[in-house]
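This report refers to the structure that appears directly beneath it.
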Amino acid sequence: MTPSAGQSRTRSDQPTPTTAEHRRLSESPGDTDPWRLWGPYLAARQWGTVREDYSPDGDAWDYFPFDHAHRRAYRWGEDGIAGLCDRFGFLNLGVALWNGRDDRLKERWFGLTNGQGNHGEDVKEHWWHLDATPTHSWAKTLYRYPQAAYPYEDLVRTNGSLPRTAQEYELADTGVLAEDRFFDVETVHAKASPDDICVTITATNRGPDPAPLDLIAQLWFRNTWGWGRDTRVPALRRLRAPELSPPSVVALEATHGFLGRYLLAADGSGPLGAPEALFCDNESNSAALFDGGENRSPHPKDAVDAAVVRGDRSLLNPAETGTKAALRWHADAVAPGASVTVRLRLTGEILPADPFGQGFDDVLADREREADEFYATVIPAPASAGGTGSAGAPSRLAGPESRESTTAGDAFVARRAFAGLLWGKQHYRYSVREWLEGDPAFPPPPDGRRGPSGRNTGWRNLALADVISMPDEWEYPWFASWDLAFHCVALAHVDPEFAKNQLVLLCREWAMHPDGQLPAYEWAFGDVNPPVHAWAAWQVYLLDGARDTDFLMRVFAKLLLNFSWWVNRKDADGSNLFEGGFLGMDNIGLFDRSKDLPAGHRLEQSDATSWMAFSCLTMMRIALELAREDRVWDDLATKFLEHFLAIAEAMEAFGSSEVSLWDEADGFFYDVLLGEDGSQQRLPVRSMVGLLPLLAVAVAPEAMTSALPDYAQSLHWLQRHRPDATDALIRSGDGGTTLAILHGERLDRVLTRLFDEQEFLSPFGLRSLSAAYREPFTVDVAGTPMSIAYLPGESDSGLFGGNSNWRGPVWFPVNVLVADALAVYAQGVGQGLEVEFPTGSGTRIPLAAAARDIEDRLIRLFRPGGGDPSNSGADTGRRPSTPRAHPAGPLWDAHPTFSEYFHGDTGAGLGASHQTGWTALVAHLICRR
């Protein structure tokens, strides 16, 4: 199927860019290729994860808390600030800081656990990813480090005392950021070659007074030797003359059985002089952690912390060897407005004769310039409406109805979004079988851990050791299958090979369950995420030029297994209506759909059924595309056509009664609760659940339809002999054949709700729950009164735990899907269709323009000055998406943030504050203009 409005624009007719970064990408398409060996793959948080949880009760947060992280060796990964590591996670380089007041080194970012905050797990730090290229030849990040003692206890105590209805107590609320009393710490990575990396760390005093600072670079090996499975121990040591020159350089040697030999050199000729080298082992300080604990090494991992913070050097290794080392620079006082910089070079090659000479500076300058050249080909240049993008290709929406043009500010936002997405690639290692069994060097895990109620016991096949795109590097330092699908669509603009590899990875036998289910997320791999993998594969295929049919076939073959899993496991009675469970939408309903329903009941879900109809049409699109080259796929297109029709018919009515998911009186789709006695109760809550049927729409060009005999014959037969099943679902027109759940009056009625500013349409996208429920709405469900209310911001309910909230805010990924679906309608049977927008305004515009307006509302979340299009991206004020936790002022307003979701009325960022993952879809919207 050819690309169309609402689908990603192919660029196959454009010349392949020839920037230096594109050449590096072509040299290293695979995950293990040289330019991808090193990157910012070090996680921001490893403590509190399921992988590190060996407790009897599955309480991961309490089993490995933050207070253990600086003293306790991790089993499966590592974490750090502005980190760099190899793709296998063996050797790690991170930034540590000390302001002379903290009770510990700042080695990792702090945040609250799920039980400590009034809105659940939440990081209490500020950082921004400033830039990155997909091969990590260039990367820059900024961390804001307070000069006062970090208020760990205050944040835990105060947040723990607040009710759920209160705003979170943030770092700025403690006063430590007042008068800009912080250091801006900027870290830059620039590759001279695939394994020769130049690093600078620059700290700038933004406060009004001089302030002390320790800048520390830490190099360490992940502990792979302490668990009884591989006893080989790598080594770090300090190099001395005659092994090292020039004399101003301080260097460490790292030797590893797999990686080989690496050197970390530090420049000792700068204003801060030569760094002090400190050595210990990446081993737990069990004596300090546990009563009666015995240390495996006399030099445990917190030796550097003890030496710097408490002046206790007794734990350091005086022989200057070990598996963890630090290079420490100290500044007695950094003047207000002044900066201090340290320089490092990590190389697997022979250290250059002058490692920090002009060649070092040239590498940084060249890589930054090459990053500019690369993004100039990716992000459309600012142009007037109806103009052309940076590559000279006409906009797909050129003409009098064109959306707002890309501004310089929008291009900046897109580049920042890509930076966050690329910094969010993390090394992820987890073998469920080994985790369940425990390690030979330790006592076996509790029996309950491996029992039927134990976590992930049915996923022993899962064994990953890969670089994976994470939803958020602190709050969600693990993959989630539907998040990943959205990431890949944005990633395809800058690195289509990585995007394709990610989609294939989750379909491999060491990730996908033998029964065909895709792993949902680490806390419960067996939970159910929406089936968006096929959609993502299709979008990535188009963005990559609609040419890699091998990739398409590879994913499609595995998704046939996943589709069968859905049909066999989530359609309990074969009715073609589905019971997906929570489906990633947390507490959107009257009750937690991931838990047991009232006894004797089953929930037929509008969203689960719509997702499957949407999936059918996407699988049909892929089959039609593959059938253009090989007719063997033709009958699979027919199979998904007929399955879509069966689902659509079932949504109309099921069983012997007249109740259906469609409510004729309200003009909306709802979930239906079925009882064993045949009773059926519609749950009349207007939410995203009822909008998702809009997604089930596709346009098949007439030329393609007529060229595929099996598909064409089936389509024509159905139209002749089953008009009852097809008349309302299949429409032919100038744009081809449109297949959709909604047509005619029903489409109009749903759009009336969608475009109503008193219901779903907010200034910054579409709300997840109708604002008509600003006053709580109560329904009697199986004899129990249940209520729901529109909550534009944080949740006041612990229904799904943490800060989960689909009861009103704007969620980026489903907004993008709905806008795309409307554009597809406009290309097909909606050609010429005008809608009242907003509802009740009396203004009618083409449906395509309404779709564009929704996209523009999403983009305006990130524009300064409240999203005024006339300012052309000028930094004239606070961005609507800026979280409340960020103080006002130029130092803060300059940086866009990419939150998990957004306030339904004001657009303020909420939830995870660094979820550049699916929110990076804003770059997708900007780049396809």
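By convention in this document, the chains of the structure tokens carry letters A, B, ... by their order, each chain's residues are numbered from 1, and ligands are numbered from 1 in the order they are shown.
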- [ ] Tell me, as a ChimeraX atom specification, which residues lie within 8 Å of Phe578 (chain A), counting only C-alpha atoms; anything in the same chain fewer than 3 positions away does not count.
- [x] /A:570-572,604-606,608-609,612
Task: Sel. of alpha helix (DSSP H) residues, region 474-685 of chain A, as a ChimeraX atom specification - done: /A:481-491,496-505,533-543,549-569,606-627,634-652
- [ ] Tell me, as a PyMOL selection string, which residues lie within 7 Å of region 495-509 of chain A, counting only C-alpha atoms; anything in the same chain fewer than 5 positions away does not count.
- [x] chain A and resi 29+134+468+488+518+537+540+544+555+558
With N, CA and C atoms kept, could you save the residues just selected as an mmCIF file, in the first residue's frame?
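What follows is the written file part01.cif:
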data_model
loop_
_atom_site.group_PDB
_atom_site.id
_atom_site.type_symbol
_atom_site.label_atom_id
_atom_site.label_comp_id
_atom_site.auth_asym_id
_atom_site.auth_seq_id
_atom_site.Cartn_x
_atom_site.Cartn_y
_atom_site.Cartn_z
ATOM 1 N N PRO A 29 25.231 -0.727 10.369
ATOM 2 C CA PRO A 29 23.774 -0.883 10.470
ATOM 3 C C PRO A 29 23.337 -1.799 11.605
ATOM 4 N N PRO A 134 22.791 9.400 16.214
ATOM 5 C CA PRO A 134 22.407 7.992 16.403
ATOM 6 C C PRO A 134 23.567 7.019 16.575
ATOM 7 N N ILE A 468 18.406 -1.352 24.362
ATOM 8 C CA ILE A 468 16.972 -1.231 24.080
ATOM 9 C C ILE A 468 16.521 0.187 24.397
ATOM 10 N N CYS A 488 10.098 3.633 18.106
ATOM 11 C CA CYS A 488 10.702 3.240 16.832
ATOM 12 C C CYS A 488 10.234 4.110 15.681
ATOM 13 N N LEU A 518 3.791 -10.914 23.052
ATOM 14 C CA LEU A 518 4.935 -10.026 23.219
ATOM 15 C C LEU A 518 5.078 -9.675 24.689
ATOM 16 N N ALA A 537 5.832 -1.190 12.710
ATOM 17 C CA ALA A 537 6.643 -1.771 11.637
ATOM 18 C C ALA A 537 6.290 -1.156 10.290
ATOM 19 N N VAL A 540 7.674 2.462 10.172
ATOM 20 C CA VAL A 540 9.129 2.448 10.009
ATOM 21 C C VAL A 540 9.497 2.056 8.577
ATOM 22 N N ASP A 544 11.523 4.527 6.041
ATOM 23 C CA ASP A 544 12.802 4.054 5.513
ATOM 24 C C ASP A 544 12.786 3.971 3.985
ATOM 25 N N VAL A 555 9.132 -9.291 10.339
ATOM 26 C CA VAL A 555 8.234 -8.900 11.423
ATOM 27 C C VAL A 555 6.851 -9.490 11.223
ATOM 28 N N LYS A 558 6.348 -13.112 12.378
ATOM 29 C CA LYS A 558 6.234 -13.284 13.828
ATOM 30 C C LYS A 558 4.934 -12.699 14.368
#
- [ ] Considering only C-alpha atoms, state which residue in the set A:Leu464, A:Leu542, A:Leu661, A:Leu105 is at the smallest distance from Val685 (chain A).
- [x] A:Leu661
- [ ] Identify, on the basis of only C-alpha atoms, every residue whose closest approach to Leu674 (chain A) does not exceed 12 Å; exclude the query and any residue fewer than 3 positions from it along the same chain; express the result as a list in words.
- [x] Ala572, Asp573, Leu577, Glu579, Leu597, Pro598, Ala599, Gly600, His601, Arg602, Leu603, Glu604, Gln605, Phe654, Gly655, Ser657, Val659, Ser660, Leu661, Asp671, Asp677, Gly678, Ser679, Gln680, Gln681, Arg682, Leu683, Val781 and Ala782 of chain A
Could you please take those selected residues and save C-alpha atoms as a short mmCIF file (atom, residue, chain, number, x, y, z; two decimals), in the first residue's frame?
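Once everything was written out, this is again.cif:
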data_model
loop_
_atom_site.label_atom_id
_atom_site.label_comp_id
_atom_site.auth_asym_id
_atom_site.auth_seq_id
_atom_site.Cartn_x
_atom_site.Cartn_y
_atom_site.Cartn_z
CA ALA A 572 -12.94 -15.90 25.44
CA ASP A 573 -16.02 -17.09 23.57
CA LEU A 577 -14.91 -9.09 20.91
CA GLU A 579 -10.97 -8.63 26.77
CA LEU A 597 -13.95 -8.52 37.67
CA PRO A 598 -17.08 -8.96 39.77
CA ALA A 599 -17.69 -12.69 40.23
CA GLY A 600 -19.22 -14.35 37.19
CA HIS A 601 -18.59 -11.43 34.84
CA ARG A 602 -16.50 -10.74 31.74
CA LEU A 603 -15.70 -7.37 30.23
CA GLU A 604 -15.94 -6.91 26.47
CA GLN A 605 -13.73 -3.90 25.83
CA PHE A 654 -23.40 -9.63 19.89
CA GLY A 655 -25.31 -12.35 21.68
CA SER A 657 -29.83 -9.16 22.84
CA VAL A 659 -26.99 -4.46 23.35
CA SER A 660 -23.78 -3.58 21.52
CA LEU A 661 -20.57 -1.67 22.16
CA ASP A 671 -17.26 -1.30 27.33
CA ASP A 677 -26.73 -15.32 33.34
CA GLY A 678 -26.60 -13.52 29.99
CA SER A 679 -27.05 -10.07 31.44
CA GLN A 680 -25.26 -7.25 29.68
CA GLN A 681 -24.47 -3.84 31.12
CA ARG A 682 -22.97 -1.04 29.12
CA LEU A 683 -20.51 1.12 31.12
CA VAL A 781 -21.74 -1.93 38.37
CA ALA A 782 -23.00 -5.39 39.29
#
Open item on the list: Using DSSP secondary structure from the backbone, list all strand (DSSP E or B) positions within region 254-455 of chain A, as a ChimeraX atom specification.
Closed with: /A:254-256,260-267,276-280,321-322,324-334,339-347,388,394,425-431
Task: Pick from A:Glu759, A:Asp209, A:Glu186, A:Glu170 nearest to Ala139 (chain A), counting only C-alpha atoms - done: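 Ranked by minimum distance to Ala139 (chain A), first place goes to A:Glu186.
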Open item on the list: Taking only C-alpha atoms into account, name the residue in A:Ile647, A:Asp291, A:Phe668, A:Tyr711 that is nearest to Ala627 (chain A).
Closed with: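 The shortest atom-to-atom distance to Ala627 (chain A) comes from A:Tyr711.
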Open item on the list: Which residues are near Pro151 (chain A)? Cut-off 12 Å, only C-alpha atoms, ignore same chain within fewer than 2 positions. Put them as a PyMOL selection string.
Closed with: chain A and resi 101-104+110-111+124-125+146-149+153-158+169-177
Please save C-alpha atoms of the selected residues as an mmCIF file, in the first residue's frame.
data_model
loop_
_atom_site.group_PDB
_atom_site.id
_atom_site.type_symbol
_atom_site.label_atom_id
_atom_site.label_comp_id
_atom_site.auth_asym_id
_atom_site.auth_seq_id
_atom_site.Cartn_x
_atom_site.Cartn_y
_atom_site.Cartn_z
ATOM 1 C CA ARG A 101 27.906 19.431 51.895
ATOM 2 C CA ASP A 102 26.120 16.267 50.716
ATOM 3 C CA ASP A 103 26.208 13.171 52.917
ATOM 4 C CA ARG A 104 27.250 11.046 49.914
ATOM 5 C CA PHE A 110 17.575 10.415 43.539
ATOM 6 C CA GLY A 111 13.842 9.849 43.480
ATOM 7 C CA LYS A 124 13.670 14.624 42.164
ATOM 8 C CA GLU A 125 16.479 15.911 39.951
ATOM 9 C CA PRO A 146 22.496 22.001 43.946
ATOM 10 C CA GLN A 147 25.243 23.701 45.956
ATOM 11 C CA ALA A 148 23.420 23.167 49.243
ATOM 12 C CA ALA A 149 23.188 19.761 50.867
ATOM 13 C CA GLU A 153 15.280 13.223 54.093
ATOM 14 C CA ASP A 154 13.100 16.300 53.602
ATOM 15 C CA LEU A 155 11.818 15.060 50.234
ATOM 16 C CA VAL A 156 10.958 11.620 51.594
ATOM 17 C CA ARG A 157 9.407 12.863 54.827
ATOM 18 C CA THR A 158 7.338 15.690 53.361
ATOM 19 C CA TYR A 169 6.751 18.358 47.074
ATOM 20 C CA GLU A 170 9.513 19.041 44.589
ATOM 21 C CA LEU A 171 13.203 19.867 44.799
ATOM 22 C CA ALA A 172 12.531 23.558 44.121
ATOM 23 C CA ASP A 173 10.027 23.615 46.992
ATOM 24 C CA THR A 174 12.852 22.801 49.435
ATOM 25 C CA GLY A 175 14.633 26.071 48.612
ATOM 26 C CA VAL A 176 17.952 24.549 47.524
ATOM 27 C CA LEU A 177 17.611 25.992 44.014
#
Contacts of region 903-906 of chain A at 6 Å or less, counting only C-alpha atoms, minus same-chain residues fewer than 2 places along, as an mmCIF file with N, CA and C atoms, in the first residue's frame?
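This is the output file out36.cif:
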data_model
loop_
_atom_site.group_PDB
_atom_site.id
_atom_site.type_symbol
_atom_site.label_atom_id
_atom_site.label_comp_id
_atom_site.auth_asym_id
_atom_site.auth_seq_id
_atom_site.Cartn_x
_atom_site.Cartn_y
_atom_site.Cartn_z
ATOM 1 N N ARG A 767 -7.996 15.031 25.308
ATOM 2 C CA ARG A 767 -8.021 14.479 26.665
ATOM 3 C C ARG A 767 -8.346 12.991 26.627
ATOM 4 N N PRO A 792 -7.677 16.532 35.213
ATOM 5 C CA PRO A 792 -6.761 16.999 34.162
ATOM 6 C C PRO A 792 -5.300 16.776 34.500
ATOM 7 N N GLY A 793 -4.993 16.644 35.803
ATOM 8 C CA GLY A 793 -3.615 16.485 36.228
ATOM 9 C C GLY A 793 -3.365 15.134 36.863
ATOM 10 N N GLY A 808 -8.061 11.987 32.258
ATOM 11 C CA GLY A 808 -8.210 13.342 31.766
ATOM 12 C C GLY A 808 -7.026 13.918 31.034
ATOM 13 N N PRO A 809 -5.787 13.648 31.453
ATOM 14 C CA PRO A 809 -4.655 14.282 30.778
ATOM 15 C C PRO A 809 -4.507 13.884 29.316
ATOM 16 N N VAL A 810 -3.670 14.650 28.634
ATOM 17 C CA VAL A 810 -3.339 14.395 27.228
ATOM 18 C C VAL A 810 -2.172 13.413 27.183
ATOM 19 N N ALA A 908 0.654 21.393 31.184
ATOM 20 C CA ALA A 908 1.856 21.187 31.994
ATOM 21 C C ALA A 908 2.256 19.719 32.005
#
- [ ] Kindly give the distance, in Å, that separates CA of Gly574 (chain A) and CA of Ser687 (chain A), rounded to a single decimal.
- [x]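 Atom-to-atom, CA of Gly574 (chain A) and CA of Ser687 (chain A) are spaced 25.9 Å apart.
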Task: Nearby residues (only C-alpha atoms) at most 7 Å from Arg222 (chain A), same-chain spacing under 3 positions excluded, as a PyMOL selection string - done: chain A and resi 77-78+89-91
Go through region 717-778 of chain A residue by residue and, counting only C-alpha atoms, keep those with an atom at most 9 Å from region 691-702 of chain A; for each kept residue give the shortest atom pair and its distance in Å to one decimal, ordered by chain and increasing number, as JSON lines.
{"residue": "A:Ser732", "atom": "CA", "partner": "A:Glu702", "partner_atom": "CA", "distance": 8.6}
{"residue": "A:Gly733", "atom": "CA", "partner": "A:Glu702", "partner_atom": "CA", "distance": 9.0}
{"residue": "A:Asp734", "atom": "CA", "partner": "A:Glu702", "partner_atom": "CA", "distance": 8.6}
{"residue": "A:Gly735", "atom": "CA", "partner": "A:Pro701", "partner_atom": "CA", "distance": 6.6}
{"residue": "A:Gly736", "atom": "CA", "partner": "A:Pro701", "partner_atom": "CA", "distance": 4.3}
{"residue": "A:Thr737", "atom": "CA", "partner": "A:Ala700", "partner_atom": "CA", "distance": 5.1}
{"residue": "A:Thr738", "atom": "CA", "partner": "A:Val699", "partner_atom": "CA", "distance": 4.4}
{"residue": "A:Leu739", "atom": "CA", "partner": "A:Ala698", "partner_atom": "CA", "distance": 5.4}
{"residue": "A:Ala740", "atom": "CA", "partner": "A:Val697", "partner_atom": "CA", "distance": 4.2}
{"residue": "A:Ile741", "atom": "CA", "partner": "A:Ala696", "partner_atom": "CA", "distance": 5.9}
{"residue": "A:Leu742", "atom": "CA", "partner": "A:Leu694", "partner_atom": "CA", "distance": 6.7}
{"residue": "A:Leu747", "atom": "CA", "partner": "A:Leu694", "partner_atom": "CA", "distance": 8.1}
{"residue": "A:Val750", "atom": "CA", "partner": "A:Leu691", "partner_atom": "CA", "distance": 7.4}
{"residue": "A:Leu751", "atom": "CA", "partner": "A:Leu691", "partner_atom": "CA", "distance": 9.0}
{"residue": "A:Leu754", "atom": "CA", "partner": "A:Leu691", "partner_atom": "CA", "distance": 7.7}
Task: One-decimal distance in Å that lies between CA of Gly580 (chain A) and CA of Asp780 (chain A) - done: 22.4 Å
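The space between CA of Phe486 (chain A) and CA of Pro40 (chain A) spans 20.5 Å.
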